[in-house]
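J.: Have a peek at data16.txt (compact mmCIF, C-alpha atoms).
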```txt
# COMPACT_ATOMS: atom_id res chain seq x y z
CA MET Z 28 100.65 65.14 107.70
CA ASP Z 29 104.31 65.35 106.72
CA PRO Z 30 106.69 67.34 108.95
CA LEU Z 31 106.99 70.31 106.60
CA THR Z 32 103.22 70.75 106.30
CA ALA Z 33 102.76 70.21 110.04
CA ALA Z 34 105.39 72.84 110.82
CA ILE Z 35 104.38 75.53 108.36
CA GLU Z 36 100.61 75.45 107.85
CA PRO Z 37 99.66 76.28 111.47
CA LEU Z 38 101.73 79.47 111.12
CA ILE Z 39 99.84 80.77 108.07
CA PRO Z 40 96.98 82.60 109.90
CA GLY Z 41 99.50 84.52 112.00
CA LEU Z 42 101.72 85.26 109.02
CA ARG Z 43 98.76 86.71 107.14
CA ARG Z 44 97.84 88.81 110.15
CA TYR Z 45 101.38 90.14 110.51
CA ALA Z 46 101.61 90.99 106.81
CA ARG Z 47 98.27 92.78 106.92
CA SER Z 48 99.19 94.74 110.02
CA TRP Z 49 101.99 96.18 107.86
CA LEU Z 50 100.30 96.59 104.52
CA ARG Z 51 96.58 96.86 105.40
CA ASP Z 52 95.64 95.77 101.88
CA ARG Z 53 94.52 92.15 101.88
CA ALA Z 54 95.62 91.24 98.34
CA MET Z 55 98.98 92.91 98.67
CA ALA Z 56 99.64 91.35 102.08
CA ASP Z 57 98.65 87.88 100.90
CA ASP Z 58 100.98 88.21 97.91
CA VAL Z 59 103.87 88.81 100.26
CA VAL Z 60 102.83 85.86 102.47
CA GLN Z 61 102.61 83.65 99.38
CA ASP Z 62 106.10 84.72 98.42
CA CYS Z 63 107.29 83.97 101.96
CA LEU Z 64 105.74 80.50 101.96
CA GLU Z 65 107.22 79.61 98.57
CA ARG Z 66 110.64 80.55 99.90
CA ALA Z 67 110.12 78.67 103.15
CA VAL Z 68 109.07 75.50 101.32
CA GLY Z 69 111.83 75.86 98.72
CA ARG Z 70 114.56 76.46 101.30
CA TRP Z 71 113.29 74.05 103.94
CA ARG Z 72 116.45 71.96 103.85
CA GLN Z 73 118.68 75.02 104.22
CA ARG Z 74 117.04 75.81 107.55
CA ARG Z 75 119.54 73.58 109.36
CA GLY Z 76 117.74 73.00 112.61
CA ALA Z 77 116.65 76.59 113.22
CA GLU Z 78 113.36 77.06 115.11
CA VAL Z 79 110.63 77.07 112.48
CA ARG Z 80 108.46 79.96 113.67
CA PRO Z 81 111.16 82.64 113.98
CA TRP Z 82 112.74 81.34 110.75
CA VAL Z 83 109.52 81.78 108.74
CA TYR Z 84 108.66 85.12 110.42
CA THR Z 85 112.15 86.35 109.55
CA ILE Z 86 111.58 85.56 105.87
CA LEU Z 87 108.25 87.38 105.96
CA HIS Z 88 109.61 90.32 107.94
CA ASN Z 89 112.45 90.86 105.46
CA LEU Z 90 110.04 90.72 102.51
CA LEU Z 91 107.79 93.28 104.22
CA VAL Z 92 110.72 95.60 104.89
CA ASP Z 93 111.76 95.34 101.22
CA HIS Z 94 108.21 95.90 100.09
CA GLN Z 95 107.82 98.97 102.29
CA ARG Z 96 111.10 100.48 101.09
CA GLN Z 97 110.07 100.10 97.47
CA HIS Z 98 106.61 101.53 97.92
CA SER Z 99 106.89 104.20 100.61
CA ARG Z 100 108.59 106.71 98.32
CA ARG Z 101 105.60 106.67 96.02
CA GLY Z 102 103.18 106.76 98.94
CA THR Z 103 101.33 103.61 97.91
CA ALA Z 104 100.44 102.85 101.53
CA VAL Z 105 96.68 102.64 101.86
CA PRO Z 106 95.27 105.89 103.25
CA LEU Z 107 93.55 105.41 106.59
CA HIS Z 108 90.10 106.39 105.39
CA LEU Z 109 90.22 103.39 103.04
CA VAL Z 110 90.79 101.04 105.93
CA ASP Z 111 87.29 99.91 106.70
CA ASP Z 112 86.07 97.32 109.16
CA ALA Z 113 85.84 94.74 106.39
CA THR Z 114 89.58 95.04 105.88
CA LEU Z 115 90.44 94.73 109.51
CA GLY Z 116 87.63 92.69 110.91
CA ARG Z 117 85.84 94.07 113.89
CA PRO Z 118 84.49 97.43 115.14
CA ALA Z 119 86.20 99.43 117.87
CA ASP Z 120 87.31 97.68 121.01
CA GLN Z 121 84.38 97.48 123.41
CA ASP Z 122 86.32 97.17 126.65
CA THR Z 123 88.68 100.08 126.27
CA GLY Z 124 86.48 102.28 124.11
CA LEU Z 125 89.47 102.79 121.84
CA HIS Z 126 88.55 103.78 118.36
CA HIS Z 127 90.09 101.69 115.56
CA ARG Z 128 91.06 104.68 113.57
CA ASP Z 129 92.89 106.26 116.51
CA LEU Z 130 94.70 103.05 117.28
CA LEU Z 131 95.78 102.60 113.66
CA ARG Z 132 96.83 106.21 113.33
CA ALA Z 133 98.92 105.97 116.49
CA LEU Z 134 100.43 102.68 115.31
CA ASP Z 135 101.35 104.21 111.95
CA ALA Z 136 102.96 107.18 113.69
CA LEU Z 137 105.42 104.93 115.55
CA PRO Z 138 108.94 104.56 114.19
CA GLU Z 139 109.17 101.34 112.15
CA GLU Z 140 111.49 99.61 114.62
CA GLN Z 141 109.09 100.25 117.52
CA ARG Z 142 105.99 99.30 115.54
CA THR Z 143 107.62 96.04 114.48
CA VAL Z 144 108.39 94.78 117.98
CA LEU Z 145 105.01 95.92 119.26
CA LEU Z 146 103.20 93.92 116.56
CA LEU Z 147 105.39 90.85 117.00
CA VAL Z 148 104.96 90.86 120.79
CA SER Z 149 101.41 92.10 121.36
CA VAL Z 150 99.66 90.86 118.22
CA GLU Z 151 101.68 87.80 117.18
CA GLY Z 152 102.52 86.83 120.75
CA LEU Z 153 106.07 85.82 119.86
CA PRO Z 154 108.48 85.25 122.78
CA TYR Z 155 110.97 88.12 123.17
CA ALA Z 156 113.88 85.89 122.11
CA GLU Z 157 112.09 85.01 118.86
CA VAL Z 158 111.37 88.68 118.20
CA ALA Z 159 115.09 89.37 118.65
CA ALA Z 160 115.86 86.67 116.05
CA VAL Z 161 113.29 87.99 113.58
CA VAL Z 162 114.39 91.61 113.81
CA GLY Z 163 118.07 90.68 114.11
CA VAL Z 164 118.88 92.67 117.27
CA PRO Z 165 119.95 91.62 120.78
CA LEU Z 166 117.28 90.73 123.36
CA GLY Z 167 118.01 93.85 125.41
CA THR Z 168 117.29 96.03 122.39
CA VAL Z 169 113.95 94.31 121.91
CA MET Z 170 113.03 94.95 125.55
CA SER Z 171 113.90 98.61 125.38
CA ARG Z 172 112.10 99.04 122.05
CA ILE Z 173 108.92 97.45 123.29
CA PHE Z 174 109.01 99.63 126.40
CA ARG Z 175 109.46 102.81 124.36
CA ALA Z 176 106.91 101.71 121.76
CA ARG Z 177 104.19 101.43 124.40
CA ASP Z 178 105.04 104.74 125.99
CA ARG Z 179 104.95 106.44 122.62
CA LEU Z 180 101.70 104.72 121.61
CA ALA Z 181 100.02 105.87 124.83
CA THR Z 182 101.21 109.44 124.24
CA LEU Z 183 100.01 109.41 120.64
CA LEU Z 184 96.61 108.08 121.69
CA ARG Z 185 96.26 110.87 124.27
CA GLU Z 186 97.23 113.49 121.69
CA GLY Z 187 94.88 111.95 119.14
CA GLU Z 188 91.91 112.32 121.43
CA ARG Z 189 91.97 116.08 121.69
CA PRO Z 190 91.28 117.02 118.04
CA ARG Z 191 88.53 114.40 117.89
CA LEU Z 192 86.78 115.85 120.93
CA ARG Z 193 87.11 119.35 119.56
CA SER Z 194 85.51 118.39 116.28
CA VAL Z 195 82.48 117.10 118.16
CA GLN Z 196 81.80 120.45 119.84
CA MET L 17 120.10 89.82 146.82
CA THR L 18 117.66 90.47 144.01
CA SER L 19 118.38 92.52 140.92
CA PRO L 20 116.58 95.89 140.63
CA ILE L 21 113.37 96.33 138.66
CA GLY L 22 114.04 97.20 135.04
CA GLU L 23 112.18 98.30 131.93
CA ASP L 24 112.36 94.71 130.78
CA ASP L 25 110.47 93.63 133.91
CA LEU L 26 107.79 96.24 133.28
CA ALA L 27 107.43 95.20 129.64
CA ALA L 28 107.10 91.57 130.67
CA TRP L 29 104.62 92.59 133.40
CA ILE L 30 102.35 94.11 130.73
CA ASP L 31 102.61 90.94 128.64
CA GLY L 32 102.09 88.67 131.64
CA ARG L 33 105.37 86.92 130.91
CA LEU L 34 107.14 87.28 134.27
CA SER L 35 108.16 84.28 136.33
CA PRO L 36 105.94 83.92 139.43
CA GLU L 37 108.79 85.03 141.65
CA ARG L 38 109.58 88.10 139.57
CA GLN L 39 105.86 88.87 139.22
CA ARG L 40 105.54 89.16 143.00
CA LEU L 41 108.49 91.52 143.14
CA VAL L 42 107.18 93.80 140.39
CA ASP L 43 103.66 93.79 141.88
CA ALA L 44 105.09 94.90 145.22
CA TYR L 45 107.17 97.57 143.50
CA LEU L 46 104.16 98.95 141.63
CA GLU L 47 102.16 99.21 144.86
CA GLY L 48 104.50 102.00 145.82
CA GLN L 49 104.35 103.67 142.38
CA PRO L 50 100.66 104.45 141.71
CA ASP L 51 101.33 106.72 138.71
CA LEU L 52 103.53 104.17 136.99
CA HIS L 53 101.09 101.43 137.90
CA ALA L 54 98.21 103.32 136.25
CA ARG L 55 100.33 104.01 133.18
CA LEU L 56 101.25 100.36 132.78
CA ARG L 57 97.65 99.23 133.23
CA GLU L 58 96.60 101.66 130.50
CA GLN L 59 99.34 100.34 128.22
CA ALA L 60 98.29 96.76 128.90
CA GLU L 61 94.76 97.66 127.80
CA GLN L 62 96.10 99.27 124.66
CA ALA L 63 98.12 96.16 123.91
CA ARG L 64 94.99 94.06 124.31
CA ALA L 65 93.02 96.39 122.03
CA LEU L 66 95.77 96.11 119.43
CA ALA L 67 95.66 92.33 119.57
CA SER L 68 91.87 92.23 119.26
CA LEU L 69 91.99 94.71 116.39
CA PHE L 70 94.03 92.34 114.24
CA ALA L 71 92.81 89.05 115.70
CA PRO L 72 89.95 88.42 113.21
CA ILE L 73 92.44 88.23 110.33
CA ALA L 74 93.80 84.99 111.73
CA ASP L 75 90.29 83.49 111.70
CA GLU L 76 89.87 83.93 107.95
CA PRO L 77 90.15 80.71 105.94
CA ILE L 78 93.57 80.57 104.30
CA PRO L 79 93.78 80.73 100.49
CA ALA L 80 94.19 77.29 98.89
CA THR L 81 97.34 78.50 97.10
CA MET L 82 99.05 78.78 100.49
CA ARG L 83 98.79 75.08 101.29
CA VAL L 84 102.19 73.46 101.46
CA ALA L 85 101.00 70.70 99.10
CA ALA L 86 99.95 73.30 96.51
CA ILE L 87 103.28 75.10 96.76
CA ARG L 88 105.25 71.88 96.50
CA GLY L 89 103.18 70.78 93.52
CA ARG L 90 103.99 73.99 91.67
CA GLN L 91 107.66 73.85 92.59
CA ARG L 92 108.10 70.21 91.58
CA GLN L 93 105.88 69.63 88.60
CA PRO L 94 107.66 71.90 86.12
CA ARG L 95 110.97 70.20 86.75
CA TRP L 96 109.42 66.81 86.09
CA GLN L 97 108.06 68.05 82.80
CA PHE L 98 111.44 69.46 81.97
CA ALA L 99 113.16 66.18 82.71
CA ILE L 100 110.73 64.28 80.50
CA ALA L 101 111.07 66.81 77.70
CA ALA L 102 114.84 66.69 77.97
CA SER L 103 114.88 62.91 77.72
CA LEU L 104 112.60 63.05 74.68
CA LEU L 105 114.92 65.57 73.11
CA LEU L 106 117.80 63.22 73.72
CA ALA L 107 115.91 60.31 72.16
CA VAL L 108 115.11 62.36 69.07
CA GLY L 109 118.71 63.43 68.93
CA PHE L 110 120.10 59.92 68.81
CA GLY L 111 117.42 58.67 66.44
CA GLY L 112 117.45 61.40 63.87
CA GLY L 113 121.00 62.67 63.51
CA TRP L 114 120.41 65.73 65.63
CA SER L 115 122.02 69.02 64.82
CA SER L 116 121.29 72.39 66.31
CA ALA L 117 120.64 73.91 62.88
CA LYS L 118 118.06 71.29 62.04
CA TRP L 119 116.29 71.56 65.39
CA SER L 120 116.09 75.31 65.53
CA GLY L 121 115.50 75.93 61.83
CA GLU L 122 111.79 75.15 61.85
CA PRO L 123 110.20 76.37 65.04
CA ARG L 124 106.82 74.94 65.99
CA ALA L 125 103.78 77.17 66.43
CA GLY L 126 104.20 77.99 70.13
CA ILE L 127 107.53 79.76 70.28
CA ALA L 128 107.26 81.05 66.70
CA ALA L 129 104.13 82.87 67.80
CA LEU L 130 105.95 84.12 70.90
CA ALA L 131 108.80 85.50 68.75
CA ASN L 132 106.31 87.44 66.62
CA GLU L 133 104.59 88.82 69.71
CA ALA L 134 107.99 89.92 71.01
CA SER L 135 108.88 91.83 67.85
CA ASP L 136 105.40 93.36 67.58
CA ASN L 137 105.65 94.70 71.12
CA PHE L 138 109.25 95.76 70.63
CA ARG L 139 108.24 97.77 67.56
CA VAL L 140 105.57 99.64 69.53
CA TYR L 141 107.15 100.15 72.94
CA ALA L 142 110.91 100.31 72.43
CA ALA L 143 110.36 103.12 69.90
CA ASP L 144 108.16 105.03 72.35
CA ARG L 145 109.97 108.14 73.56
CA ILE L 146 107.31 109.34 75.99
CA ARG L 147 106.51 106.30 78.12
CA PRO L 148 108.08 103.07 76.89
CA ALA L 149 107.65 101.43 80.29
CA GLU L 150 104.57 101.58 82.46
CA ILE L 151 106.50 100.71 85.60
CA GLY L 152 109.93 102.34 85.83
CA PRO L 153 113.23 100.65 86.71
CA ASP L 154 112.98 101.81 90.34
CA GLN L 155 109.78 99.80 90.85
CA ARG L 156 111.06 96.30 90.13
CA ALA L 157 109.17 94.62 92.94
CA MET L 158 105.90 96.19 91.89
CA LEU L 159 106.35 95.03 88.29
CA ILE L 160 107.24 91.52 89.45
CA ARG L 161 104.21 91.38 91.71
CA TRP L 162 101.86 92.75 89.08
CA THR L 163 102.99 90.65 86.13
CA SER L 164 103.48 87.50 88.22
CA ALA L 165 99.91 87.82 89.47
CA ARG L 166 98.56 88.23 85.94
CA LEU L 167 100.72 85.55 84.34
CA GLY L 168 100.25 83.08 87.17
CA GLU L 169 104.00 82.48 87.03
CA ARG L 170 106.84 84.07 88.88
CA VAL L 171 108.40 86.72 86.62
CA THR L 172 112.06 87.57 87.13
CA ILE L 173 113.83 90.65 85.81
CA PRO L 174 117.21 89.55 84.46
CA ASP L 175 120.20 91.77 85.16
CA LEU L 176 121.91 92.28 81.79
CA SER L 177 124.44 94.88 82.90
CA THR L 178 127.35 92.55 82.09
CA ALA L 179 126.11 92.54 78.47
CA GLY L 180 125.94 96.36 78.55
CA TYR L 181 122.17 96.65 78.90
CA ARG L 182 120.51 98.59 81.68
CA TYR L 183 116.99 97.66 82.80
CA GLY L 184 114.62 100.47 81.83
CA GLY L 185 111.29 99.27 83.19
CA GLY L 186 108.50 97.08 81.91
CA ARG L 187 104.81 96.57 81.44
CA LEU L 188 102.06 94.04 81.04
CA VAL L 189 101.13 93.57 77.35
CA ALA L 190 98.38 91.71 75.51
CA THR L 191 99.06 88.82 73.15
CA PRO L 192 96.68 86.46 71.34
CA HIS L 193 97.72 83.93 73.99
CA GLY L 194 96.92 86.08 77.01
CA PRO L 195 98.96 88.52 79.10
CA ALA L 196 102.74 88.71 78.80
CA ALA L 197 105.42 90.68 80.61
CA LEU L 198 107.57 92.98 78.49
CA LEU L 199 110.91 94.01 80.01
CA LEU L 200 112.82 96.82 78.31
CA TYR L 201 116.57 97.46 78.37
CA ASP L 202 118.74 100.34 77.22
CA GLY L 203 122.06 99.49 75.61
CA PRO L 204 125.07 101.25 74.06
CA GLN L 205 124.41 103.95 71.41
CA ALA L 206 120.76 104.29 72.44
CA SER L 207 120.11 100.73 71.32
CA LYS L 208 117.15 98.91 72.81
CA LEU L 209 116.48 95.37 73.83
CA ALA L 210 113.35 93.67 75.13
CA VAL L 211 112.49 90.40 76.81
CA LEU L 212 108.95 89.10 76.43
CA THR L 213 107.79 86.29 78.68
CA ARG L 214 104.49 84.45 79.13
CA PRO L 215 103.17 80.98 80.01
CA MET L 216 103.16 78.52 77.08
CA GLN L 217 100.32 76.20 76.13
CA ILE L 218 102.16 74.61 73.19
CA ASP L 219 105.97 74.24 73.30
CA LYS L 220 106.15 74.12 77.07
CA THR L 221 109.81 73.34 76.67
CA ALA L 222 111.65 74.33 73.51
CA SER L 223 115.32 74.89 72.80
CA MET L 224 116.68 78.27 71.78
CA THR L 225 115.64 79.31 68.33
CA SER L 226 117.05 82.25 66.38
CA THR L 227 114.84 84.05 63.88
CA SER L 228 114.62 87.50 62.38
CA SER L 229 111.87 89.91 61.43
CA GLY L 230 113.07 92.75 59.22
CA THR L 231 116.13 94.19 60.95
CA MET L 232 115.15 92.67 64.28
CA GLY L 233 116.80 89.57 65.66
CA ARG L 234 114.95 87.28 68.04
CA VAL L 235 116.05 84.43 70.24
CA THR L 236 113.14 82.45 71.65
CA TRP L 237 112.82 79.43 73.91
CA ALA L 238 110.67 77.87 76.62
CA VAL L 239 111.46 76.14 79.91
CA ASP L 240 108.99 74.50 82.26
CA GLY L 241 105.95 76.02 80.55
CA ILE L 242 107.31 79.57 80.43
CA GLY L 243 108.36 81.09 77.11
CA TYR L 244 110.99 83.79 76.62
CA SER L 245 111.88 85.86 73.61
CA VAL L 246 114.82 88.28 73.49
CA VAL L 247 114.43 90.84 70.73
CA GLY L 248 116.56 93.74 69.54
CA GLU L 249 117.79 95.64 66.49
CA ARG L 250 120.73 93.30 66.09
CA PRO L 251 121.34 90.03 64.25
CA ALA L 252 120.00 87.11 66.25
CA ALA L 253 123.51 85.62 66.49
CA GLU L 254 124.62 88.67 68.51
CA LEU L 255 121.61 88.37 70.78
CA HIS L 256 122.35 84.74 71.56
CA PRO L 257 124.85 85.33 74.41
CA ILE L 258 122.37 87.77 75.99
CA ALA L 259 119.61 85.18 75.68
CA ASP L 260 121.92 82.64 77.33
CA GLU L 261 122.32 85.05 80.25
CA VAL L 262 118.55 85.62 80.52
CA ARG L 263 118.03 81.87 80.52
CA ARG L 264 120.72 81.28 83.12
CA GLN L 265 119.18 83.83 85.49
CA ALA L 266 115.62 82.62 84.91
CA ASP L 267 116.67 79.01 85.59
CA ALA L 268 118.52 80.06 88.73
CA ALA L 269 115.42 81.89 89.98
CA LEU L 270 113.33 78.80 89.36
CA VAL L 271 115.56 76.64 91.53
CA SER L 272 116.14 79.10 94.37
```
Let me see the file written as structure tokens.
T.:
Amino acid sequence: MDPLTAAIEPLIPGLRRYARSWLRDRAMADDVVQDCLERAVGRWRQRRGAEVRPWVYTILHNLLVDHQRQHSRRGTAVPLHLVDDATLGRPADQDTGLHHRDLLRALDALPEEQRTVLLLVSVEGLPYAEVAAVVGVPLGTVMSRIFRARDRLATLLREGERPRLRSVQ
Amino acid sequence: MTSPIGEDDLAAWIDGRLSPERQRLVDAYLEGQPDLHARLREQAEQARALASLFAPIADEPIPATMRVAAIRGRQRQPRWQFAIAASLLLAVGFGGGWSSAKWSGEPRAGIAALANEASDNFRVYAADRIRPAEIGPDQRAMLIRWTSARLGERVTIPDLSTAGYRYGGGRLVATPHGPAALLLYDGPQASKLAVLTRPMQIDKTASMTSTSSGTMGRVTWAVDGIGYSVVGERPAAELHPIADEVRRQADAALVS
């Protein structure tokens, strides 16, 4: 395997996951990943020694931000009721008893900057320093955003439980 | 002396990313803060649930189009073809007393057909006062995504503002040779201009050719298997500089 293939292909599953955590729609998310990969391959020589993973995630992240800006005004984001298990994979988390829908709704209710660091840290498992590079903010800002993101997510999940319980009665 | 516990320590505690030494300190600290400890444990569970929610996506087989070899093949091949075509053009030029008039006077089937498709679509859509474009000028990315997916080629929307034309939206149109992207522009005195682009089977590379159809001028060419036709209610000679600009931007997009 040549160096470019060896460096980029192992990242593809994670890149697809990150894109889909933003866009939810498989085809749309894969289109953005394809765009990202074409740019990464085309600009490989302009990378100039930068770490590959944060470099590629940065390209993807910027494309996702652009995509979101262009589509959010028209409300083309997929409504939650269309997000089925086939789109996302698995049924609700068995250990925590958290319902997928509640988790997604809480995630969507986070401010974009908090949601971004939460996904990059907790789902993509990127080191904090790489997250700082991808988002383009200092490390301290990443740490404070991740801390606030988790607090907010926990609050939203608590609030989300009440109406669901009431509807059962 | 050790530095005090911070939010960054607590975040790293949840992620299990503390150094062993720092981990011991934070653990000891949390022993004395049962409420905070419970809160962090809950948040750690939520983080794990979030990870497991999205985890299966990474187990899906990746599309073949995403392979680096496939991407490199697409990015390289067209330029090879272009180089070969260019060298053939040069050979013909030296052999046959090449002149631009002679070359462009008799277009071959491929781009001649494209020019006719461009004027047909221009006639229908540029004259439409209700909905000339399906996707408006504020939705460039969506049009690019849509038409690129259907054409199997990356569509670019040229910026023709220096020539006095403002992009007014576009749409996917049907031609006898499959789908094409129609880009519409508004110019001075309510004049209209359109660019039609689609993949080429014949005439994968063809030099710029000026033709007319009624009062419409057309400048048509093909590069690397993608054909372009610029059409408007102006003599083709006046459209030529605009076509040059479209070509320059399309070529730049191909290389970038």
J.: Select all residues from chain Z having any atom no more than 6 Å from an atom of chain L (counting all atoms listed in the file, ignoring ligands), output as a list in words.
T.: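 Close enough to count are Thr32, Pro40, Gly41, Arg44, Gly116, Asp120, Ser149, Val150, Met170 and Phe174 of chain Z.
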J.: Got time to write the residues from that selection, C-alpha atoms, as a compact mmCIF listing (two decimals), in the frame of the given file?
T.:
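New file out_21.txt:
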```txt
# COMPACT_ATOMS: atom_id res chain seq x y z
CA THR Z 32 103.22 70.75 106.30
CA PRO Z 40 96.98 82.60 109.90
CA GLY Z 41 99.50 84.52 112.00
CA ARG Z 44 97.84 88.81 110.15
CA GLY Z 116 87.63 92.69 110.91
CA ASP Z 120 87.31 97.68 121.01
CA SER Z 149 101.41 92.10 121.36
CA VAL Z 150 99.66 90.86 118.22
CA MET Z 170 113.03 94.95 125.55
CA PHE Z 174 109.01 99.63 126.40
```
J.: Find the residues around Ala46 in chain Z up to 9 Å (only C-alpha atoms counted), leave out those fewer than 2 positions away in its own chain, and share them as a list in words.
T.: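 My list of contacting residues is Gly41, Leu42, Arg43, Arg44, Ser48, Trp49, Leu50, Arg51, Arg53, Met55, Ala56, Asp57, Val59, Val60, Leu87, His88 and Leu91 of chain Z.
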J.: Store the residues picked out above, limited to C-alpha atoms, as an mmCIF file, in the frame of the given file.
T.:
```cif
data_model
loop_
_atom_site.group_PDB
_atom_site.id
_atom_site.type_symbol
_atom_site.label_atom_id
_atom_site.label_comp_id
_atom_site.auth_asym_id
_atom_site.auth_seq_id
_atom_site.Cartn_x
_atom_site.Cartn_y
_atom_site.Cartn_z
ATOM 1 C CA GLY Z 41 99.500 84.520 112.000
ATOM 2 C CA LEU Z 42 101.720 85.260 109.020
ATOM 3 C CA ARG Z 43 98.760 86.710 107.140
ATOM 4 C CA ARG Z 44 97.840 88.810 110.150
ATOM 5 C CA SER Z 48 99.190 94.740 110.020
ATOM 6 C CA TRP Z 49 101.990 96.180 107.860
ATOM 7 C CA LEU Z 50 100.300 96.590 104.520
ATOM 8 C CA ARG Z 51 96.580 96.860 105.400
ATOM 9 C CA ARG Z 53 94.520 92.150 101.880
ATOM 10 C CA MET Z 55 98.980 92.910 98.670
ATOM 11 C CA ALA Z 56 99.640 91.350 102.080
ATOM 12 C CA ASP Z 57 98.650 87.880 100.900
ATOM 13 C CA VAL Z 59 103.870 88.810 100.260
ATOM 14 C CA VAL Z 60 102.830 85.860 102.470
ATOM 15 C CA LEU Z 87 108.250 87.380 105.960
ATOM 16 C CA HIS Z 88 109.610 90.320 107.940
ATOM 17 C CA LEU Z 91 107.790 93.280 104.220
#
```
J.: Counting all atoms listed in the file, write as a PyMOL selection string all protein and nucleic acid residues lying at most 12 Å from (97.9, 89.0, 74.3) in the file's frame.
T.: chain L and resi 129-130+132-134+136-137+166-167+188-198+212-215
J.: When you draw a straight line from CA of Asp175 in chain L to CA of Asp267 in chain L, how long is it in Å?
T.: 13.2 Å
J.: Can you pull out every residue within 6 Å of Gly233 in chain L, counting all atoms listed in the file, but drop anything in the same chain fewer than 6 positions away, and send it as an mmCIF file with C-alpha atoms, in the coordinates of the input?
T.:
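And here is the file that came out, around-v4.cif:
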```
data_model
loop_
_atom_site.group_PDB
_atom_site.id
_atom_site.type_symbol
_atom_site.label_atom_id
_atom_site.label_comp_id
_atom_site.auth_asym_id
_atom_site.auth_seq_id
_atom_site.Cartn_x
_atom_site.Cartn_y
_atom_site.Cartn_z
ATOM 1 C CA VAL L 247 114.430 90.840 70.730
ATOM 2 C CA GLY L 248 116.560 93.740 69.540
ATOM 3 C CA ARG L 250 120.730 93.300 66.090
ATOM 4 C CA PRO L 251 121.340 90.030 64.250
ATOM 5 C CA ALA L 252 120.000 87.110 66.250
#
```
J.: Interatomic distance between CA of Ala253 in chain L and CA of Gly241 in chain L?
T.: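 Between CA of Ala253 in chain L and CA of Gly241 in chain L the gap is 24.5 Å.
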J.: Can you tell me how far CA of Ala176 in chain Z sits from CA of Leu38 in chain Z, in Å to one decimal?
T.: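 Separation of CA of Ala176 in chain Z and CA of Leu38 in chain Z: 25.2 Å.
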